[in-house]
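Participant: One structure is given below, represented as structure tokens, and several questions about it will come after.
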Amino acid sequence: MHGTPSFLTRLGIQLPIIQAPMAGVSTPELAAAVSNAGGLGSLGIGPSPVEQARQMIEQTRALTSRPFNVNLFCHAPAQPDAAREAAWLQHLAPLFAEAGMAPPSTIKAGYKSFIEDEQAFDMLLELRPAVVSFHFGLPAAERIDALRQAGICLLATATNLREARQVEQAGIDAIVAQGIEAGGHRGMFDPMAADEQLSTSVLVRLLVRHTNLPVIAAGGIMDGAGIRGALELGAAAAQLGTAFILCPESSANAAYRQALQSERAGTTRLSASLSGRPARGMLNRLISHGAAAGSPPPADYPIAYDAAKQLNAAASQRGNHEFAAQWAGQGAPLARELPAAELMQRLVAEWRGA
């Protein structure tokens with residue numbers, strides 16, 4: 001298996017199980033519980049202001065002495081386009097009316113990309129988390145070198161072989177192979193490029209065959225049988241996200257948990273309507289509305305997210321959760337409501353065939 005024991009040693013973990021970063025859902029409590037159970041917990045700090053990100057890392061350190069992963073967004077900086085944004089807001093106007101508010105007059109990117117965020121970079125060099133991962137692309141070579149020299153193990157998402165080769169050439173330690181089944185944001189480097197939408201199993205085989213880096217399988221893995229399957233395909237570890245959303249340690253709200261435990265979990269869609277970049281979530285009215293014939297393209301990422309967040313905030317005050325970002329992978333109906341430590345025990349027992 002593609003360097004499994006040595007790779008787990010490099011990560012400082014006992015089990016080939018990684019909790020996906022899931023910005024907005026992962027918490028210090030969740031990451032620490034997974035790390036304490038022998039896996040690799042993760043924090044998604046992409047949309048967090050630097051001080052908040054620092055606090056999350058420090059809180060996690062207070063709860064575990066074990067390694068955990070800190071994930072960053074490396075998207076091309078948002079391209080403001082007043083006409084495109086106005087057209088998108090106009091398209092959303094009926095939904096805003098339903099939520100009881102007028103559409104905002106302007107929307108803006110709520111957070112920076114790591115590739116242009118000096119403060120976040122300095123903070124990471126100062127705190128030196130054991131593992132740092134990149135999504136949507138890669139930072140500049142100098143930053144990668146500086147983080148490596150600080151002793152940090154680096155991971156990056158790839159959705160195809162071309163991206164994986166860029167990750168390998170950049171000197172990253174391992175590739176997160178994100179299949180089309182995965183919940184949340186698709187890690188594609190260029191959202192305008194044609195997407196082959198490879199499944200996790202096909203992508204893992206391609207990367208195991210054609211790169212020399214350890215491969216982490218991500219997308220649709222919900223139980224021990226899925227972990228075992230990923231390892232048999234040659235992955236060094238499996239990354240699970242949706243499987244952890246129902247843990248009490250996650251920050252998913254009651255409406256999100258309820259949807260994930262209902263029939264809604266069986267219907268997910270990949271859509272750019274919420275944030276401006278393709279992401280998989282449970283089908284809702286905002287996704288349907290954005291996919292309707294004749295819809296304009298959403299505003300750029302993460303400018304479109306500003307509109308969705310304002311819309312959801314207004315609607316949810318009225319008890320309407322049809323516009324929320326309830327990210328989930330295709331394995332969502334398999335989600336279980338268990339404390340993270342107990343879920344980890346269950347996953348290990350299933351993986352080992354107990």
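Residue numbering restarts at 1 for every chain of the structure tokens, chains are lettered A, B, ... in their displayed order, and ligands are numbered from 1 as they appear.
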Near region 93-110 of chain A, counting only C-alpha atoms, which residues have an atom at most 7 Å away, once you skip same-chain residues fewer than 4 positions from it, shown as a list in words?

Facilitator: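 Selected residues are Ala78, Leu89, Pro302, Ile303, Asp306, Ala307, Leu311, Ala314 and Ala315 of chain A.
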
Participant: Please return, as a list in words, all residues of region 1-47 of chain A that DSSP assigns to alpha helix (DSSP H) on the basis of the backbone.

Facilitator: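 Checking each residue of region 1-47 of chain A, the alpha helix (DSSP H) ones are Thr4, Pro5, Ser6, Phe7, Leu8, Thr9, Arg10, Leu11, Pro28, Glu29, Leu30, Ala31, Ala32, Ala33, Val34, Ser35 and Asn36 of chain A.
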
Participant: Convert the current residue selection to file output with N, CA and C atoms, as a PDB file, in the first residue's frame.

Facilitator:
ATOM      1  N   THR A   4       1.894   3.441   3.277  1.00  0.00           N
ATOM      2  CA  THR A   4       0.981   3.699   4.393  1.00  0.00           C
ATOM      3  C   THR A   4       1.680   3.868   5.743  1.00  0.00           C
ATOM      4  N   PRO A   5       2.436   2.867   6.235  1.00  0.00           N
ATOM      5  CA  PRO A   5       2.978   3.014   7.599  1.00  0.00           C
ATOM      6  C   PRO A   5       3.861   4.252   7.740  1.00  0.00           C
ATOM      7  N   SER A   6       4.771   4.469   6.764  1.00  0.00           N
ATOM      8  CA  SER A   6       5.678   5.614   6.893  1.00  0.00           C
ATOM      9  C   SER A   6       4.915   6.936   6.781  1.00  0.00           C
ATOM     10  N   PHE A   7       3.852   6.948   5.963  1.00  0.00           N
ATOM     11  CA  PHE A   7       3.075   8.176   5.818  1.00  0.00           C
ATOM     12  C   PHE A   7       2.320   8.488   7.106  1.00  0.00           C
ATOM     13  N   LEU A   8       1.731   7.467   7.740  1.00  0.00           N
ATOM     14  CA  LEU A   8       1.026   7.693   9.005  1.00  0.00           C
ATOM     15  C   LEU A   8       2.009   8.180  10.064  1.00  0.00           C
ATOM     16  N   THR A   9       3.227   7.648  10.039  1.00  0.00           N
ATOM     17  CA  THR A   9       4.272   8.100  10.978  1.00  0.00           C
ATOM     18  C   THR A   9       4.607   9.565  10.710  1.00  0.00           C
ATOM     19  N   ARG A  10       4.706   9.904   9.423  1.00  0.00           N
ATOM     20  CA  ARG A  10       5.016  11.296   9.051  1.00  0.00           C
ATOM     21  C   ARG A  10       3.912  12.234   9.572  1.00  0.00           C
ATOM     22  N   LEU A  11       2.651  11.789   9.480  1.00  0.00           N
ATOM     23  CA  LEU A  11       1.538  12.592   9.987  1.00  0.00           C
ATOM     24  C   LEU A  11       1.469  12.557  11.507  1.00  0.00           C
ATOM     25  N   PRO A  28     -12.755  22.957  17.163  1.00  0.00           N
ATOM     26  CA  PRO A  28     -11.638  22.428  17.947  1.00  0.00           C
ATOM     27  C   PRO A  28     -12.011  21.140  18.687  1.00  0.00           C
ATOM     28  N   GLU A  29     -13.252  21.072  19.194  1.00  0.00           N
ATOM     29  CA  GLU A  29     -13.695  19.885  19.937  1.00  0.00           C
ATOM     30  C   GLU A  29     -13.720  18.647  19.037  1.00  0.00           C
ATOM     31  N   LEU A  30     -14.223  18.816  17.810  1.00  0.00           N
ATOM     32  CA  LEU A  30     -14.299  17.690  16.871  1.00  0.00           C
ATOM     33  C   LEU A  30     -12.893  17.251  16.447  1.00  0.00           C
ATOM     34  N   ALA A  31     -12.073  18.224  16.047  1.00  0.00           N
ATOM     35  CA  ALA A  31     -10.710  17.892  15.606  1.00  0.00           C
ATOM     36  C   ALA A  31      -9.942  17.176  16.709  1.00  0.00           C
ATOM     37  N   ALA A  32     -10.046  17.699  17.938  1.00  0.00           N
ATOM     38  CA  ALA A  32      -9.309  17.101  19.057  1.00  0.00           C
ATOM     39  C   ALA A  32      -9.795  15.693  19.360  1.00  0.00           C
ATOM     40  N   ALA A  33     -11.119  15.480  19.287  1.00  0.00           N
ATOM     41  CA  ALA A  33     -11.667  14.149  19.579  1.00  0.00           C
ATOM     42  C   ALA A  33     -11.160  13.128  18.574  1.00  0.00           C
ATOM     43  N   VAL A  34     -11.095  13.506  17.301  1.00  0.00           N
ATOM     44  CA  VAL A  34     -10.613  12.587  16.264  1.00  0.00           C
ATOM     45  C   VAL A  34      -9.119  12.321  16.447  1.00  0.00           C
ATOM     46  N   SER A  35      -8.351  13.376  16.719  1.00  0.00           N
ATOM     47  CA  SER A  35      -6.915  13.196  16.937  1.00  0.00           C
ATOM     48  C   SER A  35      -6.645  12.357  18.183  1.00  0.00           C
ATOM     49  N   ASN A  36      -7.392  12.605  19.245  1.00  0.00           N
ATOM     50  CA  ASN A  36      -7.210  11.820  20.484  1.00  0.00           C
ATOM     51  C   ASN A  36      -7.551  10.347  20.283  1.00  0.00           C
TER      52      ASN A  36
END

Participant: With distances taken over only C-alpha atoms, which of A:Pro191, A:Pro248, A:Gly24, A:Gly234 is nearest to Gly276 (chain A)?

Facilitator: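 Looking only at the distances to Gly276 (chain A), the closest residue turns out to be A:Pro191.
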
Participant: Using only C-alpha atoms, find the one residue out of A:Ile180, A:Ala254, A:Leu92, A:Leu203 that sits nearest to Leu274 (chain A).

Facilitator: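 Counting only C-alpha atoms, the residue closest to Leu274 (chain A) is A:Leu92.
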
Participant: Under the rule that only C-alpha atoms are counted, which of A:Asp223, A:Ala236, A:Pro298, A:Val204 is the nearest residue to Ala174 (chain A)?

Facilitator: A:Ala236

Participant: Here is a test: counting only C-alpha atoms, which residue of A:Glu85, A:Pro129, A:Tyr111, A:Gln169 is nearest to Asn71 (chain A)?

Facilitator: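 Nearest to Asn71 (chain A): A:Pro129.
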
Participant: Could you tell me how far CA of Arg54 (chain A) sits from CA of Gln119 (chain A), in Å to one decimal place?

Facilitator: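 These atoms are spaced 10.6 Å apart.
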
Participant: Kindly indicate which residue among A:Ala193, A:Ala150, A:Cys74, A:Ala238 lies nearest to Gly179 (chain A), using only C-alpha atoms for the distances.

Facilitator: A:Ala238

Participant: Counting only C-alpha atoms, what is within 10 Å of Asp122 (chain A), bar same-chain residues fewer than 5 positions away, as a count of residues only?

Facilitator: 6

Participant: I need the residue nearest Val215 (chain A) from this list: A:His75, A:Arg277, A:Glu322, A:Pro16. Use only C-alpha atoms for the distance.

Facilitator: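 Going through A:His75, A:Arg277, A:Glu322, A:Pro16 one by one, the smallest distance to Val215 (chain A) is for A:Pro16.
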
Participant: How far is it from CA of Ile287 (chain A) to CA of Ala53 (chain A), in Å with one decimal?

Facilitator: 29.2 Å

Participant: Per residue of region 222-266 of chain A within 12 Å of region 41-48 of chain A, what are the shortest atom pair and its distance in Å to one decimal, counting only C-alpha atoms, with rows by chain and residue number, as JSON lines?

Facilitator:
{"residue": "A:Gln239", "atom": "CA", "partner": "A:Gly41", "partner_atom": "CA", "distance": 9.9}
{"residue": "A:Leu240", "atom": "CA", "partner": "A:Gly41", "partner_atom": "CA", "distance": 10.3}
{"residue": "A:Gly241", "atom": "CA", "partner": "A:Ser42", "partner_atom": "CA", "distance": 9.9}
{"residue": "A:Phe244", "atom": "CA", "partner": "A:Gly41", "partner_atom": "CA", "distance": 10.6}
{"residue": "A:Glu249", "atom": "CA", "partner": "A:Gly41", "partner_atom": "CA", "distance": 11.8}
{"residue": "A:Ser250", "atom": "CA", "partner": "A:Leu43", "partner_atom": "CA", "distance": 10.9}
{"residue": "A:Ser251", "atom": "CA", "partner": "A:Leu43", "partner_atom": "CA", "distance": 11.8}

Participant: Atoms to include: N, CA and C atoms. Write the selected residues as a PDB file, in the first residue's frame.

Facilitator:
ATOM      1  N   GLN A 239     -10.236  10.050   4.008  1.00  0.00           N
ATOM      2  CA  GLN A 239     -10.733  11.286   4.617  1.00  0.00           C
ATOM      3  C   GLN A 239     -12.261  11.273   4.576  1.00  0.00           C
ATOM      4  N   LEU A 240     -12.885  11.445   5.750  1.00  0.00           N
ATOM      5  CA  LEU A 240     -14.337  11.418   5.890  1.00  0.00           C
ATOM      6  C   LEU A 240     -14.822  12.773   6.403  1.00  0.00           C
ATOM      7  N   GLY A 241     -15.817  13.335   5.739  1.00  0.00           N
ATOM      8  CA  GLY A 241     -16.373  14.605   6.175  1.00  0.00           C
ATOM      9  C   GLY A 241     -17.804  14.468   6.648  1.00  0.00           C
ATOM     10  N   PHE A 244     -18.941  12.851   9.886  1.00  0.00           N
ATOM     11  CA  PHE A 244     -18.738  13.489  11.195  1.00  0.00           C
ATOM     12  C   PHE A 244     -19.722  14.631  11.495  1.00  0.00           C
ATOM     13  N   GLU A 249     -19.988  17.123  18.579  1.00  0.00           N
ATOM     14  CA  GLU A 249     -18.879  18.092  18.591  1.00  0.00           C
ATOM     15  C   GLU A 249     -18.873  19.007  17.374  1.00  0.00           C
ATOM     16  N   SER A 250     -19.600  18.654  16.304  1.00  0.00           N
ATOM     17  CA  SER A 250     -19.602  19.524  15.121  1.00  0.00           C
ATOM     18  C   SER A 250     -20.487  20.742  15.405  1.00  0.00           C
ATOM     19  N   SER A 251     -20.291  21.814  14.612  1.00  0.00           N
ATOM     20  CA  SER A 251     -21.105  23.014  14.854  1.00  0.00           C
ATOM     21  C   SER A 251     -22.295  23.094  13.900  1.00  0.00           C
TER      22      SER A 251
END

Participant: Give me the residues within 8 Å of Met188 (chain A) as a list in words, counting only C-alpha atoms and dropping any in the same chain fewer than 4 places off.

Facilitator: His135, Phe136, Gly137, Thr157, Ala158, Thr159 and Glu163 of chain A

Participant: Could you list, as a ChimeraX atom specification, every residue within 10 Å of region 256-269 of chain A, counting only C-alpha atoms and ignoring same-chain residues fewer than 5 positions away?

Facilitator: /A:181,183,242,245-248,251,278-284,287-288,321,324-337

Participant: Emit the selected residues as an mmCIF file, in the first residue's frame, including C-alpha atoms.

Facilitator:
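part_21.cif written:
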data_model
loop_
_atom_site.group_PDB
_atom_site.id
_atom_site.type_symbol
_atom_site.label_atom_id
_atom_site.label_comp_id
_atom_site.auth_asym_id
_atom_site.auth_seq_id
_atom_site.Cartn_x
_atom_site.Cartn_y
_atom_site.Cartn_z
ATOM 1 C CA GLU A 181 -19.068 12.001 -4.420
ATOM 2 C CA GLY A 183 -19.633 16.922 0.036
ATOM 3 C CA THR A 242 -20.124 14.026 6.017
ATOM 4 C CA ILE A 245 -21.449 16.160 10.720
ATOM 5 C CA LEU A 246 -23.924 14.531 13.142
ATOM 6 C CA CYS A 247 -21.310 14.242 15.911
ATOM 7 C CA PRO A 248 -22.333 16.461 18.855
ATOM 8 C CA SER A 251 -21.105 23.014 14.854
ATOM 9 C CA PRO A 278 -19.076 24.107 -7.367
ATOM 10 C CA ALA A 279 -19.950 22.509 -4.027
ATOM 11 C CA ARG A 280 -22.099 19.500 -3.119
ATOM 12 C CA GLY A 281 -24.937 19.927 -0.672
ATOM 13 C CA MET A 282 -28.414 18.654 0.035
ATOM 14 C CA LEU A 283 -30.790 19.889 -2.653
ATOM 15 C CA ASN A 284 -32.721 22.992 -1.595
ATOM 16 C CA ILE A 287 -29.779 25.273 -5.600
ATOM 17 C CA SER A 288 -32.912 24.583 -7.698
ATOM 18 C CA HIS A 321 -33.928 26.828 6.016
ATOM 19 C CA ALA A 324 -28.807 27.232 3.804
ATOM 20 C CA ALA A 325 -25.477 25.742 2.776
ATOM 21 C CA GLN A 326 -26.065 22.207 4.049
ATOM 22 C CA TRP A 327 -23.025 20.564 2.509
ATOM 23 C CA ALA A 328 -23.135 16.772 2.254
ATOM 24 C CA GLY A 329 -21.612 14.039 0.109
ATOM 25 C CA GLN A 330 -23.435 11.323 -1.782
ATOM 26 C CA GLY A 331 -22.984 8.965 1.162
ATOM 27 C CA ALA A 332 -25.119 11.269 3.348
ATOM 28 C CA PRO A 333 -27.901 8.706 4.049
ATOM 29 C CA LEU A 334 -25.228 6.591 5.794
ATOM 30 C CA ALA A 335 -24.450 9.305 8.386
ATOM 31 C CA ARG A 336 -24.674 8.221 12.033
ATOM 32 C CA GLU A 337 -25.297 10.322 15.114
#

Participant: Would you mind writing down, as a PyMOL selection string, each residue of region 47-271 of chain A that DSSP on the backbone assigns to strand (DSSP E or B)?

Facilitator: chain A and resi 68-73+131-135+153-158+174-178+184-185+215-218+237-240+268-271
